[in-house]
Amino acid sequence: MIQINNISKKFENYKALSEICATIKEGQVFGLIGTNGAGKSTLLRIISGIYQADGGTVTIDEQPVWDNPKAKSLIFYLSDDQYFFPNETPMDMLKLYEKQYENFDRERFLKFLESFHLDKNRRINTFSKGMKKQLSIFYGICAGTKYLICDETFDGLDPVVRQTVKSLFVKEMETRDFTPIIASHNLRELEDICDHVGLLHKGGILFSKDLESMKLGIYKMQCVFQNTCDVTTLCDAFPIIHQEMRGSLYTITLRGTREEIDEKMKSLAPVFYELLPLSLEEIFITETEVAGYDFKELYL
């Protein structure tokens, strides 16, 4: 488990992070969402022990990460722009990583290169951005660390490779003790893989919640009523988060249990109604509005 306690960080007069608190549990995919400049990369570098926090602590499996090689050995950090030595090949970098990570799986890494058609003897600086991303992910997976910290890892990958990488993460979690932490400014990118999400904005975490628990008690409903007064009856029965009307079709987001909503709708006998699953973006819109933030200002 990674425990983040009251982390703060300033760069000259700019406050990048302010008293961040979060818990990253083992065996879950933790998604860190935030706009550009929200502090995601700074937080990940503090978790990885690259930056020292001005205040607060980060512990990995109850060990402080700063200036602690034992704690750092549990982490592989993938930056947004992964650095490779000039003129080095994948095989050259492999030798370096094998020295740093005692459980590095050479055979599996070479299979990855072959499967994704990456030339092991070609200079990495001639690779495209997407190829470099793929290569860095393979190093991260094959390093065998407990935690893989990814900063905008899917940026630059085509849709097929992106889904393949997500599948690799899931497979790792099924076969060994593995916890990915993925930072992104793209909500849709993380929706199908994250178990737990945190929203970072202007150096602070608005909330950190389990994705499934966030979905409970919030529903989006599309319906057509026989009488317009039935809409008022429904709105009086449940807390309404959002409501819009197109022709005779109402789209309503509301709080309540599925059983309560079904029972009420049966009593109203609408022409049509359907409960729809909420997307991650819709959940965040709801939660940020409750917190007093305008979601449209966060994600343009």
# chains A, B, ... in the order shown; residues from 1 in each chain; ligands from 1
>>> residues_around(residues="Glu98 in chain A", least_positions_apart="5", cutoff="12 Å", atoms="only C-alpha atoms", output="MDAnalysis selection string")
chainID A and resid 91:93 103:107 109 139:140 142:144
>>> write_last_selection(atoms="N, CA and C atoms", output="PDB file, in the first residue's frame")
ATOM      1  N   MET A  91      18.536  -3.384 -26.435  1.00  0.00           N
ATOM      2  CA  MET A  91      19.396  -4.348 -25.747  1.00  0.00           C
ATOM      3  C   MET A  91      20.369  -3.650 -24.801  1.00  0.00           C
ATOM      4  N   ASP A  92      20.847  -2.472 -25.184  1.00  0.00           N
ATOM      5  CA  ASP A  92      21.741  -1.712 -24.303  1.00  0.00           C
ATOM      6  C   ASP A  92      21.006  -1.310 -23.027  1.00  0.00           C
ATOM      7  N   MET A  93      19.782  -0.796 -23.170  1.00  0.00           N
ATOM      8  CA  MET A  93      18.998  -0.388 -22.009  1.00  0.00           C
ATOM      9  C   MET A  93      18.586  -1.588 -21.170  1.00  0.00           C
ATOM     10  N   ASN A 103      14.715  -8.858 -10.465  1.00  0.00           N
ATOM     11  CA  ASN A 103      13.713  -9.791 -10.986  1.00  0.00           C
ATOM     12  C   ASN A 103      13.349  -9.516 -12.444  1.00  0.00           C
ATOM     13  N   PHE A 104      14.168  -8.755 -13.134  1.00  0.00           N
ATOM     14  CA  PHE A 104      13.862  -8.409 -14.520  1.00  0.00           C
ATOM     15  C   PHE A 104      13.790  -9.680 -15.369  1.00  0.00           C
ATOM     16  N   ASP A 105      12.715  -9.792 -16.170  1.00  0.00           N
ATOM     17  CA  ASP A 105      12.468 -10.980 -16.992  1.00  0.00           C
ATOM     18  C   ASP A 105      12.941 -10.719 -18.422  1.00  0.00           C
ATOM     19  N   ARG A 106      14.192 -11.103 -18.705  1.00  0.00           N
ATOM     20  CA  ARG A 106      14.794 -10.858 -20.019  1.00  0.00           C
ATOM     21  C   ARG A 106      14.040 -11.587 -21.133  1.00  0.00           C
ATOM     22  N   GLU A 107      13.730 -12.843 -20.892  1.00  0.00           N
ATOM     23  CA  GLU A 107      13.080 -13.649 -21.926  1.00  0.00           C
ATOM     24  C   GLU A 107      11.731 -13.054 -22.329  1.00  0.00           C
ATOM     25  N   PHE A 109      10.793  -9.932 -22.006  1.00  0.00           N
ATOM     26  CA  PHE A 109      11.027  -8.653 -22.671  1.00  0.00           C
ATOM     27  C   PHE A 109      11.343  -8.867 -24.145  1.00  0.00           C
ATOM     28  N   TYR A 139       9.624  -2.444 -20.509  1.00  0.00           N
ATOM     29  CA  TYR A 139      10.623  -2.414 -19.440  1.00  0.00           C
ATOM     30  C   TYR A 139       9.942  -2.408 -18.076  1.00  0.00           C
ATOM     31  N   GLY A 140       8.896  -1.601 -17.957  1.00  0.00           N
ATOM     32  CA  GLY A 140       8.201  -1.487 -16.680  1.00  0.00           C
ATOM     33  C   GLY A 140       7.555  -2.786 -16.238  1.00  0.00           C
ATOM     34  N   CYS A 142       8.321  -5.884 -17.286  1.00  0.00           N
ATOM     35  CA  CYS A 142       9.309  -6.958 -17.117  1.00  0.00           C
ATOM     36  C   CYS A 142      10.248  -6.722 -15.932  1.00  0.00           C
ATOM     37  N   ALA A 143      10.251  -5.502 -15.389  1.00  0.00           N
ATOM     38  CA  ALA A 143      11.093  -5.229 -14.220  1.00  0.00           C
ATOM     39  C   ALA A 143      10.638  -6.025 -13.002  1.00  0.00           C
ATOM     40  N   GLY A 144       9.380  -6.426 -12.988  1.00  0.00           N
ATOM     41  CA  GLY A 144       8.885  -7.266 -11.906  1.00  0.00           C
ATOM     42  C   GLY A 144       8.627  -6.537 -10.604  1.00  0.00           C
TER      43      GLY A 144
END
>>> residues_around(residues="Lys72 in chain A", least_positions_apart="5", cutoff="8 Å", atoms="only C-alpha atoms", output="short mmCIF file (atom, residue, chain, number, x, y, z; two decimals) with N, CA and C atoms, in the first residue's frame")
data_model
loop_
_atom_site.label_atom_id
_atom_site.label_comp_id
_atom_site.auth_asym_id
_atom_site.auth_seq_id
_atom_site.Cartn_x
_atom_site.Cartn_y
_atom_site.Cartn_z
N SER A 48 7.57 8.40 -6.34
CA SER A 48 8.69 7.58 -6.83
C SER A 48 10.00 7.90 -6.16
N GLY A 49 10.04 8.95 -5.34
CA GLY A 49 11.28 9.31 -4.65
C GLY A 49 12.22 10.13 -5.49
N VAL A 65 9.71 6.58 1.25
CA VAL A 65 10.29 6.38 -0.07
C VAL A 65 11.51 7.27 -0.31
#
>>> closest_residue(among="A:Met221, A:Leu268, A:Leu234, A:Ala16", to="Thr42 in chain A", atoms="only C-alpha atoms")
A:Ala16
>>> residues_around(residues="range 182-184 of chain A", least_positions_apart="6", cutoff="10 Å", atoms="only C-alpha atoms", output="CSV table (one decimal) with C-alpha atoms, in the first residue's frame")
chain,number,residue,atom,x,y,z
A,29,VAL,CA,-5.7,0.1,-10.7
A,30,PHE,CA,-5.5,3.7,-9.3
A,31,GLY,CA,-6.3,6.4,-11.8
A,32,LEU,CA,-5.1,9.9,-11.1
A,33,ILE,CA,-7.1,12.4,-13.2
A,34,GLY,CA,-6.3,16.1,-13.6
A,35,THR,CA,-5.9,18.9,-16.2
A,36,ASN,CA,-2.5,19.9,-17.5
A,40,LYS,CA,0.0,15.0,-11.4
A,41,SER,CA,3.6,14.6,-12.6
A,43,LEU,CA,2.9,14.0,-7.2
A,44,LEU,CA,4.1,10.9,-9.1
A,78,LEU,CA,7.3,5.7,-16.4
A,80,ASP,CA,5.5,11.2,-19.7
A,148,LEU,CA,4.2,0.6,-11.8
A,149,ILE,CA,3.7,4.3,-11.9
A,150,CYS,CA,2.6,5.6,-15.3
A,151,ASP,CA,2.5,9.3,-16.3
A,152,GLU,CA,0.3,9.8,-19.4
A,153,THR,CA,1.4,6.3,-20.5
A,154,PHE,CA,-1.3,5.8,-23.1
A,155,ASP,CA,-0.6,9.1,-24.8
A,190,LEU,CA,-9.1,5.2,-17.8
A,193,ILE,CA,-9.5,-0.2,-16.3
A,194,CYS,CA,-9.6,1.8,-13.1
A,197,VAL,CA,-9.9,7.2,-9.0
A,198,GLY,CA,-8.6,10.5,-7.6
A,199,LEU,CA,-9.3,13.9,-9.1
A,200,LEU,CA,-6.4,16.4,-8.8
>>> residues_around(residues="Met131 in chain A", least_positions_apart="2", cutoff="10 Å", atoms="only C-alpha atoms", output="PyMOL selection string")
chain A and resi 116-118+124+126-129+133-137+156-157
>>> select_by_dssp(residues="range 41-233 of chain A", states="strand (DSSP E)", output="PyMOL selection string")
chain A and resi 55-60+63-64+75-78+147-151+179-184+196-201+204-210+218-224
>>> write_last_selection(atoms="N, CA and C atoms", output="compact mmCIF listing (two decimals), in the first residue's frame")
# COMPACT_ATOMS: atom_id res chain seq x y z
N GLY A 55 6.72 19.19 2.48
CA GLY A 55 6.00 18.82 3.70
C GLY A 55 5.24 17.54 3.49
N GLY A 56 5.03 16.78 4.57
CA GLY A 56 4.30 15.52 4.46
C GLY A 56 5.21 14.35 4.17
N THR A 57 4.61 13.16 4.08
CA THR A 57 5.38 11.93 3.87
C THR A 57 4.68 11.02 2.87
N VAL A 58 5.49 10.20 2.19
CA VAL A 58 4.98 9.12 1.35
C VAL A 58 5.64 7.84 1.82
N THR A 59 4.83 6.83 2.12
CA THR A 59 5.36 5.53 2.51
C THR A 59 4.87 4.47 1.54
N ILE A 60 5.76 3.53 1.24
CA ILE A 60 5.44 2.40 0.37
C ILE A 60 5.61 1.14 1.18
N GLN A 63 7.24 1.89 4.37
CA GLN A 63 8.62 2.39 4.32
C GLN A 63 8.64 3.77 3.67
N PRO A 64 9.33 4.74 4.26
CA PRO A 64 9.44 6.05 3.60
C PRO A 64 10.19 5.91 2.29
N ILE A 75 9.25 0.02 -7.02
CA ILE A 75 8.59 0.92 -7.97
C ILE A 75 9.34 0.96 -9.30
N PHE A 76 8.56 1.00 -10.38
CA PHE A 76 9.12 1.35 -11.68
C PHE A 76 8.32 2.56 -12.16
N TYR A 77 9.02 3.64 -12.47
CA TYR A 77 8.37 4.90 -12.85
C TYR A 77 8.50 5.14 -14.35
N LEU A 78 7.36 5.34 -15.01
CA LEU A 78 7.34 5.68 -16.43
C LEU A 78 6.92 7.14 -16.57
N TYR A 147 4.88 -2.08 -7.88
CA TYR A 147 4.12 -0.90 -8.31
C TYR A 147 4.69 -0.37 -9.62
N LEU A 148 3.79 -0.06 -10.55
CA LEU A 148 4.18 0.56 -11.81
C LEU A 148 3.49 1.92 -11.90
N ILE A 149 4.28 2.98 -11.89
CA ILE A 149 3.74 4.34 -11.89
C ILE A 149 3.84 4.91 -13.30
N CYS A 150 2.69 5.25 -13.87
CA CYS A 150 2.60 5.63 -15.27
C CYS A 150 2.08 7.06 -15.41
N ASP A 151 2.86 7.91 -16.05
CA ASP A 151 2.46 9.30 -16.27
C ASP A 151 2.10 9.48 -17.74
N THR A 179 0.41 -3.55 -8.86
CA THR A 179 -0.51 -2.42 -8.72
C THR A 179 -0.09 -1.28 -9.65
N PRO A 180 -0.85 -1.01 -10.71
CA PRO A 180 -0.54 0.13 -11.58
C PRO A 180 -1.18 1.41 -11.06
N ILE A 181 -0.42 2.50 -11.13
CA ILE A 181 -0.93 3.84 -10.84
C ILE A 181 -0.81 4.63 -12.14
N ILE A 182 -1.94 5.08 -12.68
CA ILE A 182 -1.96 5.68 -14.01
C ILE A 182 -2.50 7.10 -13.94
N ALA A 183 -1.70 8.05 -14.35
CA ALA A 183 -2.12 9.46 -14.38
C ALA A 183 -2.49 9.84 -15.79
N SER A 184 -3.59 10.58 -15.92
CA SER A 184 -4.03 11.02 -17.24
C SER A 184 -4.94 12.23 -17.10
N HIS A 196 -10.11 2.54 -8.72
CA HIS A 196 -10.16 3.66 -7.79
C HIS A 196 -9.64 4.89 -8.52
N VAL A 197 -10.27 6.03 -8.30
CA VAL A 197 -9.87 7.24 -9.01
C VAL A 197 -9.72 8.41 -8.04
N GLY A 198 -8.76 9.27 -8.36
CA GLY A 198 -8.58 10.50 -7.61
C GLY A 198 -8.56 11.67 -8.57
N LEU A 199 -9.23 12.74 -8.22
CA LEU A 199 -9.27 13.94 -9.08
C LEU A 199 -8.38 15.01 -8.47
N LEU A 200 -7.35 15.39 -9.21
CA LEU A 200 -6.39 16.40 -8.77
C LEU A 200 -6.66 17.69 -9.53
N HIS A 201 -6.79 18.79 -8.78
CA HIS A 201 -7.07 20.09 -9.41
C HIS A 201 -6.38 21.19 -8.63
N GLY A 204 -4.48 20.22 -5.45
CA GLY A 204 -5.19 19.55 -4.36
C GLY A 204 -6.08 18.45 -4.89
N ILE A 205 -6.34 17.43 -4.07
CA ILE A 205 -7.24 16.35 -4.48
C ILE A 205 -8.66 16.70 -4.06
N LEU A 206 -9.55 16.80 -5.06
CA LEU A 206 -10.95 17.07 -4.76
C LEU A 206 -11.59 15.87 -4.07
N PHE A 207 -11.27 14.67 -4.59
CA PHE A 207 -11.75 13.46 -3.93
C PHE A 207 -10.98 12.26 -4.46
N SER A 208 -10.98 11.19 -3.69
CA SER A 208 -10.37 9.92 -4.05
C SER A 208 -11.35 8.83 -3.64
N LYS A 209 -11.93 8.15 -4.63
CA LYS A 209 -13.01 7.22 -4.33
C LYS A 209 -12.93 5.96 -5.18
N ASP A 210 -13.52 4.89 -4.64
CA ASP A 210 -13.68 3.66 -5.38
C ASP A 210 -14.72 3.88 -6.48
N ILE A 218 -26.40 6.69 -7.76
CA ILE A 218 -26.54 7.74 -8.77
C ILE A 218 -26.94 7.08 -10.09
N TYR A 219 -28.04 7.50 -10.67
CA TYR A 219 -28.51 6.89 -11.90
C TYR A 219 -28.92 7.97 -12.91
N LYS A 220 -28.76 7.61 -14.18
CA LYS A 220 -29.27 8.45 -15.26
C LYS A 220 -30.45 7.73 -15.88
N MET A 221 -31.54 8.45 -16.06
CA MET A 221 -32.77 7.83 -16.56
C MET A 221 -33.29 8.61 -17.75
N GLN A 222 -33.72 7.89 -18.76
CA GLN A 222 -34.42 8.48 -19.89
C GLN A 222 -35.87 8.02 -19.83
N CYS A 223 -36.80 8.94 -19.99
CA CYS A 223 -38.20 8.57 -19.82
C CYS A 223 -39.13 9.50 -20.58
N VAL A 224 -40.31 8.98 -20.88
CA VAL A 224 -41.39 9.75 -21.49
C VAL A 224 -42.62 9.55 -20.61
